[in-house]
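Accompanying notes for the structure given below.
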Amino acid sequence: GFAVLHVDGGARGVPGPAAIGYLLDDAAGVRLAEHAEAIGTTSAAEAEYRALLAGLTCAYELGVDRVTARSDSRLLIAHVSGERSIRSPRLLALEADISDWRMRIGTVVFEWIPAAANGEAHRLVAQALESAAK
């Protein structure tokens, strides 16, 4: 089936405490999965990649074979779409994993969306960061 994946990652500092969040909805808008977690200390860019990787893994495990993956990170979308080259070895390794899951799923389309349209995923990241700080 088809699903829409919203992903977000963030860090408080460069690097700093980081978290990921994703939401996976089917074509009718029914929530299939929602996840948030603190991921330790890293950069915001790495957190964005790790959120996408986690969301694609979940989509595959749920049997989804067509995904529209949305993020408000222009850098992430440009990198995974092949519009910009990746220089960081850590991000290159994560992109390779993302590419692997993309192939397993079948069809994955990446879309940039404004931050205002990614509020739920952003909220999950903020909640995970708050929980980790306590």
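Each chain in the structure tokens gets a letter, A, B and so on, in the order shown; residues start at 1 in every chain, and ligands are counted from 1 in the order they appear.
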>> Which residues are close to Ile98 in chain A, i.e. within 12 Å by only C-alpha atoms, leaving aside same-chain residues fewer than 4 positions away? Reply as a list in words.
In response: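 The neighbour list is Glu48, Tyr49, Arg50, Ala51, Leu52, Leu53, Ala54, Gly55, Leu56, Thr57, Tyr60, Ala69, Leu76, Ile77, His79, Val80, Ser81, Leu91, Leu92, Ala93, Leu94, Arg102, Met103, Arg104, Ile105, Val108 and Phe110 of chain A.
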> Which residues in chain A does DSSP call alpha helix (DSSP H)? List them as a PyMOL selection string.
Replying inline: chain A and resi 44-61+74-80+89-105+119-133
> When you draw a straight line from CA of Arg31 in chain A to CA of Trp101 in chain A, how long is it in Å?
Replying inline: 20.7 Å
> Smallest atom-to-atom distance to Arg74 in chain A: which of A:Glu111, A:Asp26, A:Glu34, A:Glu130, using only C-alpha atoms?
Replying inline: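 Closest residue, counting only C-alpha atoms: A:Glu111.
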> When you draw a straight line from CA of Ala27 in chain A to CA of Val4 in chain A, how long is it in Å?
Replying inline: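 One can read the CA of Ala27 in chain A to CA of Val4 in chain A distance as 7.2 Å.
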> Of the candidates A:Val125, A:Ala19, A:Val7, A:Val109, which one gets nearest to Asp65 in chain A if we count only C-alpha atoms?
Replying inline: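 That would be A:Val109, the residue with the smallest distance to Asp65 in chain A.
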>> Just the number, please: distance in Å from CA of Leu62 in chain A to CA of Glu46 in chain A, one decimal.
In response: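 Computed distance, CA of Leu62 in chain A to CA of Glu46 in chain A, equals 24.4 Å.
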> Which residue, A:Ala96, A:Ala28, A:Asp72, A:Ala78, has the smallest gap to Ala117 in chain A when you use only C-alpha atoms?
Replying inline: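 Of the candidates, the smallest distance to Ala117 in chain A is held by A:Asp72.
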> Between A:Asp8, A:Glu61, A:Glu95, A:Glu37, which is the closest to Pro114 in chain A once you count only C-alpha atoms?
Replying inline: A:Asp8
> Which of these, A:Ala59, A:Ala132, A:Ala44, A:Ile113, has the shortest distance to Leu5 in chain A once you count only C-alpha atoms?
Replying inline: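 Ranked by minimum distance to Leu5 in chain A, first place goes to A:Ala59.
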> Neighbours of Ala36 in chain A within 8 Å (only C-alpha atoms; same-chain residues fewer than 2 positions away dropped), as a PyMOL selection string?
Replying inline: chain A and resi 19-22+34+38+124-125+127-128
Would you save the residues from that selection as a PDB file, in the first residue's frame, using N, CA and C atoms?
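part26.pdb, freshly written:
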ATOM      1  N   ALA A  19      17.261  14.273  18.836  1.00  0.00           N
ATOM      2  CA  ALA A  19      16.103  13.386  18.827  1.00  0.00           C
ATOM      3  C   ALA A  19      15.553  13.286  17.417  1.00  0.00           C
ATOM      4  N   ILE A  20      14.779  12.224  17.207  1.00  0.00           N
ATOM      5  CA  ILE A  20      14.106  12.014  15.927  1.00  0.00           C
ATOM      6  C   ILE A  20      12.619  11.807  16.172  1.00  0.00           C
ATOM      7  N   GLY A  21      11.845  12.054  15.121  1.00  0.00           N
ATOM      8  CA  GLY A  21      10.421  11.768  15.167  1.00  0.00           C
ATOM      9  C   GLY A  21       9.912  11.490  13.768  1.00  0.00           C
ATOM     10  N   TYR A  22       8.943  10.587  13.679  1.00  0.00           N
ATOM     11  CA  TYR A  22       8.295  10.358  12.389  1.00  0.00           C
ATOM     12  C   TYR A  22       6.853   9.935  12.603  1.00  0.00           C
ATOM     13  N   GLU A  34       3.764   6.029  14.686  1.00  0.00           N
ATOM     14  CA  GLU A  34       4.269   7.302  15.209  1.00  0.00           C
ATOM     15  C   GLU A  34       5.395   6.948  16.162  1.00  0.00           C
ATOM     16  N   ALA A  38      15.026  10.044  21.779  1.00  0.00           N
ATOM     17  CA  ALA A  38      16.308  10.731  21.912  1.00  0.00           C
ATOM     18  C   ALA A  38      17.364   9.794  21.334  1.00  0.00           C
ATOM     19  N   LEU A 124       6.992  15.842  17.996  1.00  0.00           N
ATOM     20  CA  LEU A 124       7.549  14.594  18.521  1.00  0.00           C
ATOM     21  C   LEU A 124       9.020  14.755  18.905  1.00  0.00           C
ATOM     22  N   VAL A 125       9.773  15.455  18.068  1.00  0.00           N
ATOM     23  CA  VAL A 125      11.192  15.695  18.354  1.00  0.00           C
ATOM     24  C   VAL A 125      11.336  16.529  19.625  1.00  0.00           C
ATOM     25  N   GLN A 127       9.259  16.822  22.114  1.00  0.00           N
ATOM     26  CA  GLN A 127       8.872  16.010  23.281  1.00  0.00           C
ATOM     27  C   GLN A 127       9.996  15.049  23.672  1.00  0.00           C
ATOM     28  N   ALA A 128      10.629  14.438  22.694  1.00  0.00           N
ATOM     29  CA  ALA A 128      11.722  13.495  22.990  1.00  0.00           C
ATOM     30  C   ALA A 128      12.905  14.243  23.618  1.00  0.00           C
TER      31      ALA A 128
END
>> Among range 99-130 of chain A, which residues does DSSP mark as strand (DSSP E or B) when it is run on the backbone? Keep the chain and numbering as in the structure and answer as a PyMOL selection string.
In response: chain A and resi 107-112
Go ahead and write the selection's residues with all heavy atoms as a CSV table (one decimal), in the first residue's frame.
chain,number,residue,atom,x,y,z
A,107,THR,N,9.0,2.1,-4.2
A,107,THR,CA,8.9,3.4,-4.7
A,107,THR,C,8.9,4.4,-3.5
A,107,THR,O,8.0,4.3,-2.6
A,107,THR,CB,7.6,3.7,-5.5
A,107,THR,OG1,7.6,2.8,-6.6
A,107,THR,CG2,7.5,5.1,-6.0
A,108,VAL,N,9.9,5.2,-3.4
A,108,VAL,CA,10.0,6.3,-2.4
A,108,VAL,C,10.2,7.6,-3.1
A,108,VAL,O,11.2,7.7,-3.9
A,108,VAL,CB,11.1,6.0,-1.4
A,108,VAL,CG1,11.2,7.1,-0.3
A,108,VAL,CG2,10.9,4.7,-0.7
A,109,VAL,N,9.4,8.6,-2.9
A,109,VAL,CA,9.5,9.9,-3.4
A,109,VAL,C,9.8,10.8,-2.2
A,109,VAL,O,9.1,10.8,-1.2
A,109,VAL,CB,8.2,10.3,-4.1
A,109,VAL,CG1,8.3,11.8,-4.6
A,109,VAL,CG2,7.9,9.4,-5.3
A,110,PHE,N,10.8,11.7,-2.4
A,110,PHE,CA,11.2,12.6,-1.4
A,110,PHE,C,10.6,14.0,-1.7
A,110,PHE,O,10.8,14.5,-2.8
A,110,PHE,CB,12.7,12.7,-1.2
A,110,PHE,CG,13.3,11.4,-0.8
A,110,PHE,CD1,14.1,10.7,-1.8
A,110,PHE,CD2,13.1,10.8,0.4
A,110,PHE,CE1,14.6,9.4,-1.4
A,110,PHE,CE2,13.7,9.6,0.7
A,110,PHE,CZ,14.4,8.9,-0.2
A,111,GLU,N,10.0,14.7,-0.7
A,111,GLU,CA,9.5,16.0,-0.9
A,111,GLU,C,9.9,16.9,0.3
A,111,GLU,O,9.8,16.5,1.4
A,111,GLU,CB,7.9,16.0,-0.9
A,111,GLU,CG,7.3,15.3,-2.1
A,111,GLU,CD,5.8,15.3,-2.1
A,111,GLU,OE1,5.2,15.8,-1.1
A,111,GLU,OE2,5.2,14.9,-3.1
A,112,TRP,N,10.3,18.1,-0.1
A,112,TRP,CA,10.5,19.1,0.9
A,112,TRP,C,9.2,19.8,1.2
A,112,TRP,O,8.4,20.0,0.3
A,112,TRP,CB,11.5,20.2,0.4
A,112,TRP,CG,11.7,21.3,1.4
A,112,TRP,CD1,12.4,21.3,2.5
A,112,TRP,CD2,10.9,22.5,1.4
A,112,TRP,NE1,12.3,22.5,3.2
A,112,TRP,CE2,11.3,23.3,2.6
A,112,TRP,CE3,10.0,23.1,0.6
A,112,TRP,CZ2,10.8,24.5,2.9
A,112,TRP,CZ3,9.5,24.4,0.9
A,112,TRP,CH2,9.9,25.0,2.0
>> Which residues are near Thr41 in chain A? Cut-off 10 Å, only C-alpha atoms, ignore same chain within fewer than 5 positions. Put them as a VMD selection string.
In response: chain A and resid 11 to 19 46 to 47
